[in-house]
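Quick look at coords-v8.cif (mmCIF, C-alpha atoms and all ligand atoms):
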```
data_input
#
loop_
_atom_site.label_atom_id
_atom_site.label_comp_id
_atom_site.auth_asym_id
_atom_site.auth_seq_id
_atom_site.Cartn_x
_atom_site.Cartn_y
_atom_site.Cartn_z
CA MET A 1 41.77 27.91 -59.32
CA ILE A 2 41.93 31.31 -57.70
CA THR A 3 38.35 32.21 -58.63
CA LEU A 4 37.21 28.85 -57.36
CA LEU A 5 38.85 29.41 -54.01
CA ALA A 6 37.30 32.86 -53.77
CA ASP A 7 33.84 31.27 -53.83
CA VAL A 8 34.54 29.07 -50.85
CA SER A 9 33.62 30.73 -47.59
CA LYS A 10 36.46 30.53 -45.11
CA ILE A 11 36.23 29.31 -41.57
CA ALA A 12 38.20 31.35 -39.04
CA THR A 13 40.48 29.29 -36.81
CA ASP A 14 38.56 30.38 -33.71
CA ASP A 15 35.11 29.90 -35.26
CA TYR A 16 34.05 26.80 -33.34
CA VAL A 17 30.48 27.01 -34.54
CA GLY A 18 31.58 26.99 -38.20
CA PHE A 19 34.08 24.23 -37.48
CA THR A 20 31.53 21.96 -35.79
CA PHE A 21 29.01 22.56 -38.58
CA PHE A 22 31.67 21.52 -41.10
CA VAL A 23 32.88 18.44 -39.22
CA GLY A 24 29.31 17.53 -38.28
CA CYS A 25 28.32 17.58 -41.94
CA MET A 26 31.19 15.26 -42.89
CA ALA A 27 30.53 12.89 -39.98
CA MET A 28 26.82 12.63 -40.85
CA MET A 29 27.69 11.90 -44.49
CA ALA A 30 30.20 9.21 -43.54
CA ALA A 31 27.77 7.61 -41.09
CA SER A 32 25.03 7.58 -43.75
CA ALA A 33 27.32 5.84 -46.25
CA PHE A 34 28.21 3.29 -43.56
CA PHE A 35 24.59 2.50 -42.64
CA PHE A 36 23.32 2.39 -46.22
CA LEU A 37 26.16 0.20 -47.47
CA SER A 38 25.94 -2.27 -44.59
CA MET A 39 22.15 -2.50 -44.77
CA ASN A 40 22.00 -5.39 -47.21
CA SER A 41 24.20 -7.67 -45.15
CA PHE A 42 21.35 -8.06 -42.64
CA ASP A 43 18.17 -10.06 -42.97
CA SER A 44 14.89 -8.28 -43.45
CA LYS A 45 14.09 -8.08 -39.75
CA TRP A 46 16.96 -5.62 -39.23
CA LYS A 47 17.18 -4.03 -42.66
CA THR A 48 14.49 -1.45 -41.90
CA SER A 49 16.15 -0.47 -38.62
CA ILE A 50 19.51 0.09 -40.31
CA LEU A 51 17.78 1.98 -43.13
CA VAL A 52 16.19 4.30 -40.57
CA SER A 53 19.59 4.83 -38.90
CA GLY A 54 20.95 5.88 -42.31
CA LEU A 55 17.99 8.14 -43.00
CA ILE A 56 18.50 9.93 -39.68
CA THR A 57 22.15 10.74 -40.41
CA PHE A 58 21.43 11.49 -44.08
CA ILE A 59 18.67 14.00 -43.29
CA ALA A 60 21.07 15.57 -40.77
CA ALA A 61 23.90 15.69 -43.34
CA VAL A 62 21.71 17.65 -45.77
CA HIS A 63 20.59 20.07 -43.05
CA TYR A 64 24.19 20.48 -41.82
CA TRP A 65 25.17 21.39 -45.36
CA TYR A 66 22.62 24.22 -45.30
CA MET A 67 23.36 25.24 -41.71
CA ARG A 68 27.10 25.42 -42.39
CA ASP A 69 26.37 27.64 -45.39
CA TYR A 70 23.93 29.85 -43.48
CA TRP A 71 26.35 30.36 -40.61
CA GLY A 72 29.21 31.09 -43.04
CA ALA A 73 27.14 33.62 -45.01
CA THR A 74 26.13 35.55 -41.89
CA TYR A 75 29.47 35.22 -40.09
CA ASP A 76 31.12 38.50 -39.15
CA ALA A 77 34.86 37.96 -38.74
CA GLU A 78 35.24 41.13 -36.68
CA THR A 79 32.80 40.18 -33.95
CA GLY A 80 33.29 36.44 -34.43
CA THR A 81 29.54 35.83 -34.56
CA GLY A 82 26.95 34.70 -37.06
CA ASP A 83 23.24 33.94 -37.15
CA SER A 84 22.02 30.62 -35.77
CA PRO A 85 20.18 28.62 -38.43
CA VAL A 86 17.22 28.06 -36.10
CA PHE A 87 14.79 27.16 -38.87
CA PHE A 88 16.97 24.49 -40.51
CA ARG A 89 17.86 23.17 -37.07
CA TYR A 90 14.28 22.52 -36.08
CA VAL A 91 13.25 21.17 -39.49
CA ASP A 92 16.08 18.67 -39.12
CA TRP A 93 14.94 17.70 -35.61
CA ILE A 94 11.26 17.44 -36.49
CA LEU A 95 12.19 14.88 -39.14
CA THR A 96 14.91 12.96 -37.32
CA VAL A 97 13.65 12.78 -33.72
CA PRO A 98 10.37 11.05 -34.70
CA LEU A 99 12.50 8.62 -36.71
CA MET A 100 14.39 7.83 -33.50
CA CYS A 101 11.02 7.06 -31.91
CA VAL A 102 10.37 4.72 -34.85
CA GLU A 103 13.63 2.95 -34.00
CA PHE A 104 12.34 2.17 -30.51
CA TYR A 105 9.21 0.70 -32.04
CA LEU A 106 11.12 -1.33 -34.64
CA ILE A 107 13.44 -3.03 -32.17
CA LEU A 108 10.48 -3.84 -29.86
CA LYS A 109 8.14 -4.96 -32.62
CA ALA A 110 9.15 -8.60 -32.32
CA ALA A 111 8.22 -8.45 -28.60
CA GLY A 112 4.74 -7.22 -29.53
CA ALA A 113 5.09 -3.40 -29.62
CA LYS A 114 1.97 -1.76 -31.00
CA ARG A 115 1.83 1.19 -33.39
CA SER A 116 0.13 3.21 -30.67
CA LEU A 117 3.38 3.12 -28.68
CA MET A 118 5.25 4.54 -31.68
CA TRP A 119 2.68 7.29 -32.26
CA ARG A 120 2.65 8.24 -28.59
CA LEU A 121 6.43 8.77 -28.65
CA ILE A 122 6.24 10.62 -31.98
CA ILE A 123 3.52 12.99 -30.76
CA LEU A 124 5.44 13.68 -27.53
CA SER A 125 8.60 14.44 -29.51
CA VAL A 126 6.71 16.80 -31.82
CA ILE A 127 5.25 18.65 -28.80
CA MET A 128 8.77 18.85 -27.33
CA LEU A 129 10.20 20.33 -30.54
CA VAL A 130 7.39 22.69 -31.55
CA THR A 131 7.30 24.29 -28.09
CA GLY A 132 11.12 24.50 -28.14
CA TYR A 133 11.02 26.23 -31.51
CA TRP A 134 8.39 28.63 -30.27
CA GLY A 135 10.54 29.66 -27.32
CA GLU A 136 13.71 29.93 -29.37
CA ALA A 137 12.37 31.66 -32.47
CA VAL A 138 8.99 33.28 -31.84
CA ASN A 139 8.35 34.12 -28.18
CA ARG A 140 11.86 34.54 -26.82
CA GLU A 141 10.73 36.73 -23.91
CA GLN A 142 9.08 33.65 -22.46
CA ALA A 143 11.64 31.13 -23.60
CA TRP A 144 11.78 29.65 -20.08
CA LEU A 145 8.06 28.84 -20.17
CA TRP A 146 8.19 27.17 -23.59
CA GLY A 147 11.33 25.37 -22.53
CA LEU A 148 9.51 24.10 -19.47
CA VAL A 149 6.60 22.75 -21.52
CA SER A 150 9.10 21.17 -23.91
CA GLY A 151 10.95 19.68 -20.94
CA ILE A 152 7.76 18.09 -19.60
CA ALA A 153 7.16 16.34 -22.94
CA TYR A 154 10.80 15.22 -22.83
CA PHE A 155 10.34 13.74 -19.35
CA VAL A 156 7.25 11.83 -20.43
CA ILE A 157 9.32 10.27 -23.24
CA VAL A 158 12.02 9.38 -20.70
CA TYR A 159 9.39 7.86 -18.41
CA ASP A 160 7.80 5.81 -21.20
CA ILE A 161 11.01 4.21 -22.36
CA TRP A 162 12.66 3.78 -18.95
CA LEU A 163 9.68 2.68 -16.86
CA GLY A 164 6.60 2.49 -19.07
CA LYS A 165 5.30 0.16 -21.75
CA ALA A 166 8.47 0.24 -23.85
CA LYS A 167 10.47 -0.99 -20.87
CA ALA A 168 8.06 -3.88 -20.26
CA LEU A 169 8.36 -4.97 -23.90
CA ALA A 170 12.15 -4.79 -23.79
CA VAL A 171 12.20 -6.99 -20.68
CA LYS A 172 9.89 -9.43 -22.44
CA ALA A 173 12.21 -9.54 -25.46
CA GLY A 174 15.32 -9.99 -23.28
CA GLY A 175 18.81 -10.73 -24.65
CA ALA A 176 20.38 -8.39 -27.20
CA THR A 177 17.15 -6.39 -27.59
CA LEU A 178 16.96 -5.58 -23.88
CA LYS A 179 20.60 -4.56 -23.90
CA ALA A 180 20.16 -2.31 -26.93
CA HIS A 181 16.98 -0.80 -25.48
CA LYS A 182 18.83 0.05 -22.29
CA THR A 183 21.65 1.75 -24.21
CA LEU A 184 19.15 3.76 -26.25
CA CYS A 185 17.44 4.76 -23.00
CA TRP A 186 20.75 6.15 -21.74
CA PHE A 187 21.14 8.12 -24.96
CA VAL A 188 17.74 9.71 -24.41
CA LEU A 189 18.36 10.44 -20.71
CA VAL A 190 21.93 11.75 -20.97
CA GLY A 191 22.52 12.48 -24.67
CA TRP A 192 19.26 14.32 -25.20
CA ALA A 193 19.79 16.33 -22.01
CA ILE A 194 22.54 18.18 -23.90
CA TYR A 195 19.87 20.06 -25.87
CA PRO A 196 18.17 21.94 -23.02
CA ILE A 197 21.65 23.18 -22.05
CA GLY A 198 22.10 24.55 -25.58
CA TYR A 199 18.64 26.10 -25.38
CA MET A 200 19.45 27.85 -22.11
CA ALA A 201 22.73 29.08 -23.58
CA GLY A 202 20.93 30.62 -26.56
CA THR A 203 17.78 32.13 -25.11
CA PRO A 204 17.22 34.90 -22.53
CA GLY A 205 16.02 33.87 -19.08
CA TRP A 206 16.87 33.45 -15.39
CA TYR A 207 19.48 30.85 -16.38
CA GLU A 208 21.56 33.29 -18.45
CA GLY A 209 24.09 33.70 -15.66
CA ILE A 210 24.77 29.96 -15.67
CA PHE A 211 24.75 29.05 -19.36
CA GLY A 212 24.86 32.42 -21.11
CA GLY A 213 28.55 32.27 -22.01
CA LEU A 214 28.29 29.02 -23.95
CA ALA A 215 27.81 28.75 -27.70
CA MET A 216 24.37 27.27 -28.34
CA ASP A 217 25.21 25.91 -31.79
CA VAL A 218 28.38 24.16 -30.62
CA ILE A 219 26.34 22.42 -27.90
CA TYR A 220 23.61 21.41 -30.36
CA ASN A 221 26.20 20.16 -32.86
CA ILE A 222 27.94 18.01 -30.26
CA GLY A 223 24.55 16.66 -29.16
CA ASP A 224 23.59 15.77 -32.72
CA ALA A 225 26.85 13.94 -33.43
CA ILE A 226 26.57 11.87 -30.25
CA ASN A 227 22.88 11.12 -30.55
CA LYS A 228 22.36 10.57 -34.26
CA ILE A 229 25.49 8.59 -35.02
CA GLY A 230 25.61 6.87 -31.61
CA PHE A 231 21.94 5.86 -31.75
CA GLY A 232 22.49 4.36 -35.22
CA LEU A 233 25.53 2.43 -34.05
CA VAL A 234 23.58 0.91 -31.14
CA VAL A 235 20.96 -0.37 -33.58
CA TYR A 236 23.72 -1.60 -35.90
CA THR A 237 25.39 -3.47 -33.01
CA LEU A 238 22.06 -5.04 -32.08
CA ALA A 239 21.60 -6.25 -35.65
CA VAL A 240 25.13 -7.72 -35.67
CA ASN A 241 24.61 -9.44 -32.29
CA SER A 242 21.29 -10.89 -33.44
CA ARG A 243 22.76 -12.55 -36.51
CA GLY A 244 23.47 -15.71 -34.54
CA ASP A 245 19.95 -15.75 -33.10
CA SER A 246 18.27 -15.97 -36.47
CA ALA A 247 20.71 -18.64 -37.67
CA THR A 248 19.83 -20.90 -34.75
CA ALA A 249 16.13 -20.05 -34.71
C1 LIG A 301 18.98 14.54 -33.70
C2 LIG A 301 18.36 15.46 -32.88
C3 LIG A 301 17.93 15.23 -31.60
C4 LIG A 301 18.09 13.91 -30.92
C5 LIG A 301 17.33 16.34 -30.94
C6 LIG A 301 16.81 16.32 -29.72
C7 LIG A 301 16.29 17.49 -29.15
C8 LIG A 301 15.84 17.63 -27.88
C9 LIG A 301 15.78 16.47 -26.92
C10 LIG A 301 15.41 18.94 -27.45
C11 LIG A 301 14.89 19.24 -26.26
C12 LIG A 301 14.49 20.56 -25.74
C13 LIG A 301 14.11 20.60 -24.39
C14 LIG A 301 13.96 19.35 -23.57
C15 LIG A 301 13.77 21.87 -23.68
C16 LIG A 301 14.25 23.08 -24.41
C17 LIG A 301 13.91 23.03 -25.85
C18 LIG A 301 14.55 21.84 -26.58
C19 LIG A 301 13.73 21.68 -27.85
C20 LIG A 301 15.99 22.20 -26.93
#
```
Written form, structure tokens:
Amino acid sequence: MITLLADVSKIATDDYVGFTFFVGCMAMMAASAFFFLSMNSFDSKWKTSILVSGLITFIAAVHYWYMRDYWGATYDAETGTGDSPVFFRYVDWILTVPLMCVEFYLILKAAGAKRSLMWRLIILSVIMLVTGYWGEAVNREQAWLWGLVSGIAYFVIVYDIWLGKAKALAVKAGGATLKAHKTLCWFVLVGWAIYPIGYMAGTPGWYEGIFGGLAMDVIYNIGDAINKIGFGLVVYTLAVNSRGDSATA
């Protein structure tokens, strides 16, 4: 018992990064179980969407497991700091954010969404993340420039779903799909905007005076919990609300 406990890395009571990694990991696991177990109660039209929701939180749960460990292993109790698991963070995002783009495509497929719409969003999200990684991990002296390029890709995504083709398809679909699309759009506009704040808190630049005192990883962890679990729940709600539609159709 005592040797077992000795192997468990402790989390200091004021280590908010470690705490949010730990809670984030549990929340992602619980959400995955929820999505996977409820999947089969929907007809095939929605099954894939719920599966993708579960995959997003599951991939995050595995990465949070590693990130929690990485932070714990590098944590220095005296200074109250550790190393940010930048690599695991971006591997997680590069897998899960494109899957969120797939979700947009899946809910709009019935209204006639084409694969090209999905690939456009995926490519934009990859540009957004690769340039973000470059600024955060490789070329930190010019983090502001990479962040700007990343931000432009982000705004094109926002434009596409709010005002572009995706919007037109959602209007065409109407009903529960339009409502769900709108909610997902708000997640991307407001929920995703949390990440650039984390980025500015964790990289050097003119913005240091504004965001420099904040803990980048806490901001990212809050963003992930809201966006990954929240996004999945919107899709789940859409599937539940559409049950009646298919029964009467
Ligand atoms: C589950 C993970 C999600 C939804 C991650 C989303 C990440 C972003 C929207 C990141 C955006 C960034 C910018 C817009 C500029 C600065 C660099 C990034 C990569 C933090």
Which is closer to A:Ala225 than all the others in A:Ile50, A:Cys185, A:Ala60, A:Leu55, using all atoms listed in the file? A:Ala60
9 Å from ligand LIG 301 (chain A) is the threshold here; counting all atoms listed in the file, which polymer residues fall inside it? Answer as a PyMOL selection string. chain A and resi 56-57+60+89-90+92-97+100+125+128-133+135-136+143-144+146-155+187-188+191-200+220+223-229+231
Adding 8 Å on each side of the box along x, y and z that holds all listed atoms of stretch 107-115 of chain A, could you give its centre and edge lengths in Å to one decimal, as AutoDock Vina command-line options?
```
--center_x 7.6 --center_y -3.7 --center_z -31.0 --size_x 27.6 --size_y 25.8 --size_z 20.8
```
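Take the candidates A:Ala180, A:Ala137, A:Cys25, A:Cys101 and check each one against A:Asn241 using all atoms listed in the file; the shortest distance goes to A:Ala180.
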Hey, can you pull every residue with an atom no more than 9 Å from (8.5, 1.7, -35.9), using only C-alpha atoms, and send it as an mmCIF file with C-alpha atoms, in the frame of the given file?
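After the write, part_29.cif holds the following:
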```
data_model
loop_
_atom_site.group_PDB
_atom_site.id
_atom_site.type_symbol
_atom_site.label_atom_id
_atom_site.label_comp_id
_atom_site.auth_asym_id
_atom_site.auth_seq_id
_atom_site.Cartn_x
_atom_site.Cartn_y
_atom_site.Cartn_z
ATOM 1 C CA SER A 49 16.150 -0.470 -38.620
ATOM 2 C CA LEU A 99 12.500 8.620 -36.710
ATOM 3 C CA MET A 100 14.390 7.830 -33.500
ATOM 4 C CA CYS A 101 11.020 7.060 -31.910
ATOM 5 C CA VAL A 102 10.370 4.720 -34.850
ATOM 6 C CA GLU A 103 13.630 2.950 -34.000
ATOM 7 C CA PHE A 104 12.340 2.170 -30.510
ATOM 8 C CA TYR A 105 9.210 0.700 -32.040
ATOM 9 C CA LEU A 106 11.120 -1.330 -34.640
ATOM 10 C CA ILE A 107 13.440 -3.030 -32.170
ATOM 11 C CA LEU A 108 10.480 -3.840 -29.860
ATOM 12 C CA LYS A 109 8.140 -4.960 -32.620
ATOM 13 C CA ALA A 113 5.090 -3.400 -29.620
ATOM 14 C CA LYS A 114 1.970 -1.760 -31.000
ATOM 15 C CA ARG A 115 1.830 1.190 -33.390
ATOM 16 C CA LEU A 117 3.380 3.120 -28.680
ATOM 17 C CA MET A 118 5.250 4.540 -31.680
ATOM 18 C CA TRP A 119 2.680 7.290 -32.260
#
```
Counting all atoms listed in the file, the option among A:Asp217, A:Asp43, A:Asp160, A:Glu78 closest to A:Ala201: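 Closest candidate: A:Asp217.
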Tell me, in Å to one decimal, how far atom CA of A:Arg243 is from atom CA of A:Ser41. 10.0 Å
Figure out the distance between atom CA of A:Ala31 and atom CA of A:Ser53, please, to one decimal in Å. 8.9 Å
Atom pair atom CA of A:Thr81 / atom CA of A:Leu145: separation (Å):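 Going from atom CA of A:Thr81 over to atom CA of A:Leu145, I get 26.8 Å.
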Protein and nucleic acid residues near (3.4, 2.1, -20.7) (cut-off 12 Å, all atoms listed in the file) as a ChimeraX atom specification: /A:113-114,116-118,120-121,156-170
Shell of 7 Å around A:Pro204, all atoms listed in the file, local chain residues under 2 positions omitted, as a list of chain:residue names: A:Arg140, A:Glu141, A:Ala143, A:Gly202, A:Glu208
Calculated over all atoms listed in the file, which of the candidates A:Met29, A:Val240, A:Val190, A:Val235 has the smallest distance to A:Thr48?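 Distance minimum relative to A:Thr48 lands on A:Val235.
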Can you work out which one of A:Ser84, A:Ala176, A:Ala30, A:Thr203 has the shortest atom-to-atom distance to A:Asn139, counting only C-alpha atoms? A:Thr203
